[in-house]
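To start, the structure itself, in C-alpha cells.
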Amino acid sequence: MEMINLTIDHKPVVVRKGTTVLKAASSIGIDIPTLCYMKLDDMNIENKPGGCRVCVVEVKGRRNLAPACCTEATEGMEISTHTIRVVNARRTVVELILSDHPADCLICAKSGNCELQDMAHHLGIRQIHYEGAKSMYREDTSPAIIRDINKCIMCRRCETMCNDVQTVGVLSAINRGFNAVVAPAFEMNLDHSVCTYCGQCVAVCPTGALTEVDQTGAVIRALSDPTKTVIVQTAPAVRAALGEEFGMPAGTLVTGKMVAALRRLGFDYVFDTDFAADLTILEEGTELLNRLSAFMEGDKNVKLPILTSCCPAWVKFFEHSFPELKDIPSTARSPQQMFGSIAKTYFADKINVKRENLVVVSIMPCLAKKYESSRPEFSVNGNPDVDYALTTRELAHLINLGNIEFKSLPNEEFDAPLGESTGAAVIFGTTGGVIEAAVRTAYEIFTGKPLPRIDFEELRGMDGLRKATIDFNGTPIHIGIAHGLGNARKLLEDIQAGHSEFHAIEIMSCPGGCIGGGGQPYHHGNAEILKKRQRAIYSEDRNKILRKSHENPYIVKLYEEFLGAPMSEKAHHLLHTKYFDRS
Amino acid sequence: MPGIKLSEKTIGIIQQICSDFRNEGSELINVLHQTQGKLGYLPAEVQEVIAKELNISVAKVYGVVTFYSFFTMIPMGEHPISICMGTACYVRGSEQVLAEFKRQLSIEVGQSTPDNKFSLNCLRCVGACGLAPVVMVGDKVYGRVSPQMVKNIISEYKEGCASEAKSA
C-alpha cells in the first residue's frame with residue numbers, strides 16, 4: 001500500500017494513496033465543515049458531488065481553492081483549512097445558499113436539526129450580502145413525505161439514497177441552472193411516482209426540503225376527545241433510538257420510560273407492536289412450513305423462496321418493480337396492521353368499545369408505515385385499522401409538548417393483553433431479526449424438538465446481503481437476508497432468473513433494518529449510531545425470559561379464544577393480505 | 001402530461017436506436033439525439049420506453065432531457081423555424097426578425113402553430129456569421145434577413161407553395 005505524506009495546517013500526516021484531503025484532515029482531528037458530503041461507513045454509502053463548496057481548502061501552489069471532500073491527497077501537499085481566503089470563500093458560499101432560502105427557521109419542521117442552520121451558526125453568518133431571485137416551487141404532499149423544494153440546497157444526498165442505495169429511481173436533478181430542482185420524472189408528485197416511502201431521502205436531507213407528514217396534531221385531538229378510547233402500539237426499533245431525542249447516548253434502551261411517557265400523554269392502553277410481531281411469526285412461520293412441506297412432497301405449484309412482508313416500503317417496491325413475483329412474498333400483514341386488525345376486533349369486543357370509537361395510534365421508526373396504514377385494504381367501511389402512524393421523532397415532539405421530563409421517568413410495563421411479547425419480536429427491529437425469529441419458531445414446529453440454541457449469530461450483522469444455512473434436524477434450510485432495496489433487487493433478479501438458492505428471504509428496505517428507518521432520530525451520517533441501536537435490540541432480546549414467539553402466553557390465548565389456529569379462515573381474513581400490480 | 005399512446009412501430013424505432021447503442025445507459029444522450037431526430041420530439045411516453053430499454057430511471061432520462069435545451073418535449077412543426085441569436089446575428093437585428101416571426105405566426109418561442117405547420121426556436125450560431133442575421137427553416141438557410149422579408153419566407157411554406165419551396 002503506497003503511503004502519501006502531506007501537511008494540513010502545518011501538521012504532518014501520512015495517509016494511504018486514494019485518501020481525500022477531508023479524510024486525511026479528520027484523521028488528525030481537523031474537522032473541515034461539509035454540507036453536501038455524506039458517508040455512511042461500513043454500508044458503502046457515499047455522497048460527494050463536490051457541489052456545495054463549503055469544504056474548500058487552500059492548496060499551496062494551486063491557484064484556486066479545492067473541495068476537500070473530493071480532492072485526493074498527493075505527495076508533499078501543503079493544505080491550509082482556515083486562512084482568511086478559505087474562511088471568506090466558505091462564508092460566501094453559505095451566504096449565497098441562504099440568499100435563495102426561505103429562512104423561515106422559526107417555524108420550519110427541521111429547526112434544531114438542520115445542517116444548513118448549524119452551518120450558518122458555525123460560520124457566524126450575521127448578514128447576507130447577496131439579494132437575488134428566490135425559488136418558488138410548489139409544495140408536494142404525499143401520504144408520508146412532504147417535499148418543500150424551496151429549501152433544497154442541491155446536495156444530492158436524496159438522489160444518492162433513492163438511486164444508488166435503494167435503486168428506486170424516483171428522484172433526479174431536472175432542469176438547469178437556477179431552475180434546477182430535485183424531482184420525480186415529469187415533475188409529477190411523489191404519490192404518482194414509484195416512490196416506496198422508505199424515507200431514506202428524508203433521513204439524509206440536511207434541510208427542511210424533505211420531511212414527514214406530521215400527524216401529531218390529529219393524535220392530540222383524539223387524546224382530548226372524551227368519546228374516544230385511544231390506544232398505542234410501539235414498534236421494536238423505537239425503544240432503541242427514542243432516547244437520542246432527549247440527549248441520551250445512542251444505543252440506550254428506553255422501553256420502560258417510553259411506556260411511562262405514553263401513559264402520561266393520556267393513552268388509555270399502552271401496547272406493543274412486538275405482540276403483533278409474535279403473531280406475525282406464527283402466521284408467517286406456519287406459511288413457510290406449509291410451503292416447505294408441500295415443496296418437499298413434490299408439489300410443483302408451490303412458490304419458494306418465501307419472502308417476508310413486514311416492510312411496507314419493500315411491499316410497494318415489488319408491487320411496482322417486480323409485480324410478476326407478487327405471489328412469492330408471505331401474505332401475512334405487517335405487525336403494525338395485524339395489531340390494528342386485532343385491536344379493532346378482538347380487543348374492542350373485550351373492552352366493549354365500538355370500532356369507530358377506538359383510535360389506534362402506532363409509533364414507528366418508519367415513514368412508509370404512514371402510507372401502509374392508509375392503504376384501502378386495511379380499513380373496514382372507511383375506518384382504518386390503524387388511524388395514525390407517528391414516527392419516533394414525532395413521539396419525541398409529543399413528549400416535549402406534554403412537558404414530560406423523559407430522562408427522569410420511571411420504567412413502566414406495557415398493558416395486557418396486547419403488550420406482552422418475546423425476545424423474538426424485539427429483534428424485528430434490526431436486519432436479520434425477522435428471519436431469526438421465524439427460524440426459532442419454525443424449527444421447533446418442524447422438528448418437534450426444542451432448539452439447542454436460541455441465538456443465530458450467522459443471521460446477524462450489517463452486511464447488505466447475507467446468507468446462512470440452518471440445519472432443521474437434518475434438513476438444510478437456506479436463508480437469505482437483504483437490507484436496502486438495492487440489495488433486495490439483486491436477490492429478486494436471481495429469483496426472476498430462476499436460480500435462487502433460498503427457501504426463505506428476509507427483506508428490509510432501510511439500511512440496517514428498522515433501526516435505520518426514515519422516521520428515526522437523525523443520524524446525520526454517523527453509521528456508528530445504527531450499530532449501537534442494533535446492539536441495544538439484541539440485548540433486549542437476551543434479557544427476555546421468553547424468546548420464542550410461540551411461547552407468548554397471550555398469543556396462545558388469542559388463538560384459543562378468537563383465531564383458532566394459524567392460517568385459519570379467521571386468521572386469513574384478519575391477518576393476511578394480497579398484493580397489487582402497480583407497474 | 002400528454003396522454004398519447006405510442007404505436008408498435010414507434011416503439012420499434014426507439015428499441016432499434018437503443019439496441020444500436022448496445023442498450024447502455026451511458027449512451028443516453030446519443031439515444032435521445034437519434035430518437036429526437038427520428039420522431040421530432042421526446043414526449044413522456046418516449047422517455048419511458050428509452051428508460052426501460054437502457055435500464056435507467058425515467059427521472060434520470062427526464063433530467064437529461066430538461067438539462068439540454070436541444071431536446072424538446074413539444075412536437076416541432078412541419079417546418080421548424082430557427083432564428084440565430086448568436087452575437088453577430090444579434091447585433092445585426094435578429095431580435096427584430098424574431099419579433100416579426102412571433103407576430104406573423106402568433107406563437108412564442110418553443111411553440112408550434114395550431115395547424116402544426118410551423119414551430120419557432122432560437123439557436124446559437126450556425127457558422128454563417130457573414131450572412132447575419134440568419135434564419136433556418138428546416139435545413140434551408142436564409143441570410144441577411146430583415147423583418148420585411150419574414151412574411152415572404154413564411155408564405156414559401158404555406159399551402160400550395162410547399163413543393164416549390166422544398167425544391168428551392
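In the C-alpha cells, the first chain shown is A, the next is B, and so on; residue numbers restart at 1 for each chain, and ligands run from 1 in the order shown.
The residues of chain A lying at most 8 Å from chain B, with only C-alpha atoms taken into account, are Val168, Gly169, Val170, Leu171, Ser172, Ala173, Ile174, Asn175, Arg176, Ala183, Pro184, Ala185 and Phe186 of chain A.
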I need the residues from that last selection saved to file as a PDB file, in the first residue's frame (with N, CA and C atoms), if you can.
ATOM      1  N   VAL A 168     -34.512   2.803  -6.465  1.00  0.00           N
ATOM      2  CA  VAL A 168     -35.918   3.062  -6.758  1.00  0.00           C
ATOM      3  C   VAL A 168     -36.019   4.057  -7.919  1.00  0.00           C
ATOM      4  N   GLY A 169     -35.111   5.042  -7.931  1.00  0.00           N
ATOM      5  CA  GLY A 169     -35.016   5.936  -9.089  1.00  0.00           C
ATOM      6  C   GLY A 169     -36.152   6.920  -9.245  1.00  0.00           C
ATOM      7  N   VAL A 170     -36.703   7.389  -8.132  1.00  0.00           N
ATOM      8  CA  VAL A 170     -37.771   8.393  -8.233  1.00  0.00           C
ATOM      9  C   VAL A 170     -37.184   9.779  -8.461  1.00  0.00           C
ATOM     10  N   LEU A 171     -36.128  10.096  -7.719  1.00  0.00           N
ATOM     11  CA  LEU A 171     -35.631  11.467  -7.700  1.00  0.00           C
ATOM     12  C   LEU A 171     -34.452  11.671  -8.648  1.00  0.00           C
ATOM     13  N   SER A 172     -34.464  12.795  -9.332  1.00  0.00           N
ATOM     14  CA  SER A 172     -33.334  13.166 -10.178  1.00  0.00           C
ATOM     15  C   SER A 172     -33.291  14.679 -10.265  1.00  0.00           C
ATOM     16  N   ALA A 173     -32.091  15.207 -10.505  1.00  0.00           N
ATOM     17  CA  ALA A 173     -31.990  16.645 -10.749  1.00  0.00           C
ATOM     18  C   ALA A 173     -32.564  16.911 -12.129  1.00  0.00           C
ATOM     19  N   ILE A 174     -33.454  17.876 -12.219  1.00  0.00           N
ATOM     20  CA  ILE A 174     -34.025  18.208 -13.517  1.00  0.00           C
ATOM     21  C   ILE A 174     -33.895  19.706 -13.760  1.00  0.00           C
ATOM     22  N   ASN A 175     -34.052  20.096 -15.013  1.00  0.00           N
ATOM     23  CA  ASN A 175     -33.860  21.480 -15.444  1.00  0.00           C
ATOM     24  C   ASN A 175     -32.419  21.912 -15.215  1.00  0.00           C
ATOM     25  N   ARG A 176     -32.173  23.216 -15.337  1.00  0.00           N
ATOM     26  CA  ARG A 176     -30.794  23.658 -15.446  1.00  0.00           C
ATOM     27  C   ARG A 176     -30.591  24.994 -14.743  1.00  0.00           C
ATOM     28  N   ALA A 183     -36.504  16.303  -8.426  1.00  0.00           N
ATOM     29  CA  ALA A 183     -37.925  15.990  -8.561  1.00  0.00           C
ATOM     30  C   ALA A 183     -38.116  14.637  -9.231  1.00  0.00           C
ATOM     31  N   PRO A 184     -39.320  14.076  -9.104  1.00  0.00           N
ATOM     32  CA  PRO A 184     -39.641  12.858  -9.856  1.00  0.00           C
ATOM     33  C   PRO A 184     -39.765  13.174 -11.354  1.00  0.00           C
ATOM     34  N   ALA A 185     -39.785  12.126 -12.180  1.00  0.00           N
ATOM     35  CA  ALA A 185     -39.898  12.295 -13.623  1.00  0.00           C
ATOM     36  C   ALA A 185     -41.122  13.138 -13.962  1.00  0.00           C
ATOM     37  N   PHE A 186     -40.973  14.018 -14.928  1.00  0.00           N
ATOM     38  CA  PHE A 186     -42.031  14.880 -15.447  1.00  0.00           C
ATOM     39  C   PHE A 186     -42.619  15.768 -14.352  1.00  0.00           C
TER      40      PHE A 186
END
message = Which residues are close to Asp115 (chain B), i.e. within 12 Å by only C-alpha atoms, leaving aside same-chain residues fewer than 4 positions away? Reply as a VMD selection string.
response = chain B and resid 75 to 79 105 107 111 119 158 to 159
Restricting it to N, CA and C atoms, dump the selection as a PDB file, in the first residue's frame.
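Contents of out_31.pdb, as written:
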ATOM      1  N   PRO B  75     -43.876  18.774 -29.763  1.00  0.00           N
ATOM      2  CA  PRO B  75     -43.638  18.423 -31.168  1.00  0.00           C
ATOM      3  C   PRO B  75     -43.263  19.650 -31.981  1.00  0.00           C
ATOM      4  N   MET B  76     -42.249  19.503 -32.837  1.00  0.00           N
ATOM      5  CA  MET B  76     -41.866  20.598 -33.706  1.00  0.00           C
ATOM      6  C   MET B  76     -42.821  20.626 -34.886  1.00  0.00           C
ATOM      7  N   GLY B  77     -42.972  21.811 -35.490  1.00  0.00           N
ATOM      8  CA  GLY B  77     -43.846  21.939 -36.645  1.00  0.00           C
ATOM      9  C   GLY B  77     -43.258  21.219 -37.854  1.00  0.00           C
ATOM     10  N   GLU B  78     -44.085  21.136 -38.894  1.00  0.00           N
ATOM     11  CA  GLU B  78     -43.627  20.522 -40.141  1.00  0.00           C
ATOM     12  C   GLU B  78     -42.406  21.288 -40.666  1.00  0.00           C
ATOM     13  N   HIS B  79     -42.421  22.605 -40.475  1.00  0.00           N
ATOM     14  CA  HIS B  79     -41.290  23.444 -40.880  1.00  0.00           C
ATOM     15  C   HIS B  79     -40.737  24.164 -39.654  1.00  0.00           C
ATOM     16  N   LEU B 105     -46.816  34.601 -36.904  1.00  0.00           N
ATOM     17  CA  LEU B 105     -47.312  33.248 -36.615  1.00  0.00           C
ATOM     18  C   LEU B 105     -48.184  33.202 -35.358  1.00  0.00           C
ATOM     19  N   ILE B 107     -47.253  32.914 -32.287  1.00  0.00           N
ATOM     20  CA  ILE B 107     -46.753  31.937 -31.305  1.00  0.00           C
ATOM     21  C   ILE B 107     -45.500  32.483 -30.635  1.00  0.00           C
ATOM     22  N   GLN B 111     -42.988  27.196 -29.217  1.00  0.00           N
ATOM     23  CA  GLN B 111     -44.355  26.747 -29.522  1.00  0.00           C
ATOM     24  C   GLN B 111     -44.498  26.400 -31.004  1.00  0.00           C
ATOM     25  N   SER B 119     -42.988  25.784 -36.243  1.00  0.00           N
ATOM     26  CA  SER B 119     -42.613  25.964 -34.840  1.00  0.00           C
ATOM     27  C   SER B 119     -41.449  26.943 -34.812  1.00  0.00           C
ATOM     28  N   LYS B 158     -46.380  27.986 -47.075  1.00  0.00           N
ATOM     29  CA  LYS B 158     -47.835  27.865 -46.926  1.00  0.00           C
ATOM     30  C   LYS B 158     -48.388  26.928 -47.996  1.00  0.00           C
ATOM     31  N   GLU B 159     -49.621  26.454 -47.805  1.00  0.00           N
ATOM     32  CA  GLU B 159     -50.294  25.514 -48.716  1.00  0.00           C
ATOM     33  C   GLU B 159     -50.069  25.892 -50.180  1.00  0.00           C
TER      34      GLU B 159
END
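Each of A:His320, A:Arg453, A:Arg535, A:Lys370 was compared to Ala240 (chain A) using only C-alpha atoms, and A:Arg535 turns out to be the nearest.
In this structure, CA of Val213 (chain A) sits 5.2 Å away from CA of Ala144 (chain A).
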Residues of region 8-144 of chain B classed as alpha helix (DSSP H) by DSSP on the backbone are to be reported as a CSV table (one decimal) with C-alpha atoms, in the first residue's frame.
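Output file selection08.csv is given in full below:
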chain,number,residue,atom,x,y,z
B,8,GLU,CA,-45.9,-0.5,-32.1
B,9,LYS,CA,-43.9,1.0,-35.0
B,10,THR,CA,-42.7,3.9,-32.9
B,11,ILE,CA,-41.8,1.7,-30.0
B,12,GLY,CA,-39.9,-0.5,-32.5
B,13,ILE,CA,-38.0,2.6,-33.8
B,14,ILE,CA,-36.9,3.5,-30.3
B,15,GLN,CA,-35.9,0.0,-29.4
B,16,GLN,CA,-33.8,-0.2,-32.6
B,17,ILE,CA,-32.0,3.0,-31.7
B,18,CYS,CA,-31.4,1.8,-28.1
B,19,SER,CA,-30.0,-1.5,-29.4
B,20,ASP,CA,-27.8,0.3,-31.9
B,28,LEU,CA,-28.4,8.1,-23.1
B,29,ILE,CA,-27.5,11.4,-24.8
B,30,ASN,CA,-26.8,9.7,-28.1
B,31,VAL,CA,-30.0,7.7,-27.9
B,32,LEU,CA,-32.1,10.9,-27.1
B,33,HIS,CA,-30.3,12.7,-30.0
B,34,GLN,CA,-31.2,10.0,-32.5
B,35,THR,CA,-34.7,9.5,-31.2
B,36,GLN,CA,-35.5,13.1,-31.5
B,37,GLY,CA,-34.0,13.1,-35.0
B,38,LYS,CA,-36.4,10.3,-36.0
B,39,LEU,CA,-39.5,11.4,-34.1
B,44,ALA,CA,-43.0,11.5,-21.8
B,45,GLU,CA,-44.1,8.1,-23.3
B,46,VAL,CA,-41.0,8.0,-25.5
B,47,GLN,CA,-38.8,8.8,-22.5
B,48,GLU,CA,-40.4,5.9,-20.6
B,49,VAL,CA,-39.6,3.4,-23.4
B,50,ILE,CA,-36.0,4.7,-23.5
B,51,ALA,CA,-35.6,4.4,-19.7
B,52,LYS,CA,-36.9,0.8,-19.9
B,53,GLU,CA,-34.6,-0.2,-22.8
B,54,LEU,CA,-31.5,1.4,-21.2
B,58,VAL,CA,-37.3,7.7,-16.1
B,59,ALA,CA,-36.4,10.5,-13.7
B,60,LYS,CA,-32.8,10.4,-15.0
B,61,VAL,CA,-33.9,10.4,-18.6
B,62,TYR,CA,-36.2,13.4,-17.9
B,63,GLY,CA,-33.3,15.1,-16.0
B,64,VAL,CA,-31.1,14.9,-19.1
B,65,VAL,CA,-33.9,16.0,-21.5
B,66,THR,CA,-34.6,19.1,-19.4
B,67,PHE,CA,-31.0,19.9,-18.9
B,87,THR,CA,-23.6,37.6,-31.2
B,88,ALA,CA,-23.2,38.5,-34.9
B,89,CYS,CA,-26.8,37.9,-35.8
B,90,TYR,CA,-28.0,39.6,-32.6
B,91,VAL,CA,-26.1,42.9,-33.3
B,94,SER,CA,-32.1,39.1,-35.2
B,95,GLU,CA,-34.3,40.2,-32.3
B,96,GLN,CA,-36.5,42.3,-34.6
B,97,VAL,CA,-36.6,39.4,-37.0
B,98,LEU,CA,-37.7,37.1,-34.2
B,99,ALA,CA,-40.4,39.6,-33.1
B,100,GLU,CA,-41.8,39.6,-36.6
B,101,PHE,CA,-41.9,35.8,-36.8
B,102,LYS,CA,-43.8,35.8,-33.5
B,103,ARG,CA,-46.2,38.4,-34.8
B,104,GLN,CA,-46.8,36.7,-38.1
B,105,LEU,CA,-47.3,33.2,-36.6
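Interatomic distance, CA of Tyr371 (chain A) against CA of Leu390 (chain A): 11.2 Å.
Backbone DSSP over region 55-118 of chain A yields strand (DSSP E) at Val56, Val57, Glu58, Val59, Ala66, Pro67, Glu78, Ile79 and Ser80 of chain A.
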If you keep N, CA and C atoms, can you produce a file of those selected residues as a tab-separated table (two decimals), in the first residue's frame?
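And here's selection_31.tsv as it stands now:
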chain	number	residue	atom	x	y	z
A	56	VAL	N	-14.08	23.85	0.97
A	56	VAL	CA	-12.88	24.28	0.23
A	56	VAL	C	-11.69	24.53	1.17
A	57	VAL	N	-10.50	24.22	0.65
A	57	VAL	CA	-9.25	24.47	1.38
A	57	VAL	C	-8.24	25.07	0.40
A	58	GLU	N	-7.19	25.64	0.97
A	58	GLU	CA	-6.15	26.21	0.13
A	58	GLU	C	-5.04	25.17	-0.03
A	59	VAL	N	-4.61	24.97	-1.28
A	59	VAL	CA	-3.52	24.03	-1.54
A	59	VAL	C	-2.35	24.86	-2.06
A	66	ALA	N	-9.64	24.22	-3.36
A	66	ALA	CA	-10.01	22.84	-3.71
A	66	ALA	C	-11.05	22.31	-2.73
A	67	PRO	N	-12.08	21.62	-3.23
A	67	PRO	CA	-13.04	20.99	-2.32
A	67	PRO	C	-12.40	19.77	-1.65
A	78	GLU	N	0.63	20.81	0.69
A	78	GLU	CA	0.54	21.65	1.89
A	78	GLU	C	-0.84	22.30	1.89
A	79	ILE	N	-1.65	21.88	2.84
A	79	ILE	CA	-3.06	22.29	2.89
A	79	ILE	C	-3.27	23.28	4.04
A	80	SER	N	-4.04	24.33	3.77
A	80	SER	CA	-4.47	25.22	4.86
A	80	SER	C	-5.99	25.21	4.88
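The neighbours of Ile153 (chain B) here are the residues that come within 12 Å of it, using only C-alpha atoms and leaving out any residue fewer than 6 positions away in the same chain; they are His79, Ile81, Val97, Glu100, Phe101, Gln104, Leu105, Phe118, Val135, Met136, Val137, Lys140, Val141, Tyr142, Gly143, Val145, Ser146, Pro147, Cys161, Ala162, Ala165 and Ala168 of chain B.
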query = Residues at most 9 Å from Asn113 (chain A), counting only C-alpha atoms, excluding those fewer than 6 positions away in the same chain, as a PyMOL selection string?
reply = chain A and resi 206-208+522
inquiry  = When you look at Ile404 (chain A) with a cut-off of 12 Å (counting only C-alpha atoms), what residues show up, excluding the ones that are within fewer than 4 positions of it in the same chain? I need them as a ChimeraX atom specification.
reply    = /A:246,257-258,260-266,395-400,408-410
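Across the model, the gap from CA of Ala368 (chain A) to CA of Met338 (chain A) is 15.8 Å.
Summary of the local environment: counting only C-alpha atoms, residues at most 10 Å from Arg92 (chain B), other than itself and those fewer than 6 positions away along its chain, are Met85, Leu131, Ala132, Pro133, Val134, Arg144, Val145 and Ser146 of chain B.
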Any chance you can output those residues with C-alpha atoms as a compact mmCIF listing (two decimals), in the first residue's frame?
# COMPACT_ATOMS: atom_id res chain seq x y z
CA MET B 85 -29.31 34.68 -31.57
CA LEU B 131 -24.76 36.23 -43.61
CA ALA B 132 -26.07 37.63 -40.31
CA PRO B 133 -28.84 37.74 -39.32
CA VAL B 134 -29.50 34.13 -40.19
CA ARG B 144 -29.33 38.88 -44.26
CA VAL B 145 -32.93 38.54 -43.17
CA SER B 146 -34.83 41.71 -42.39
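Among the candidates B:Gln148, B:Asn23, B:Pro80, B:Ser7, the one nearest to Tyr41 (chain B) when counting only C-alpha atoms is B:Pro80.
The residue that comes closest to Ala128 (chain B), out of B:Cys84, B:Glu108, B:Ile4, B:Ile74 and on the basis of only C-alpha atoms, is B:Cys84.
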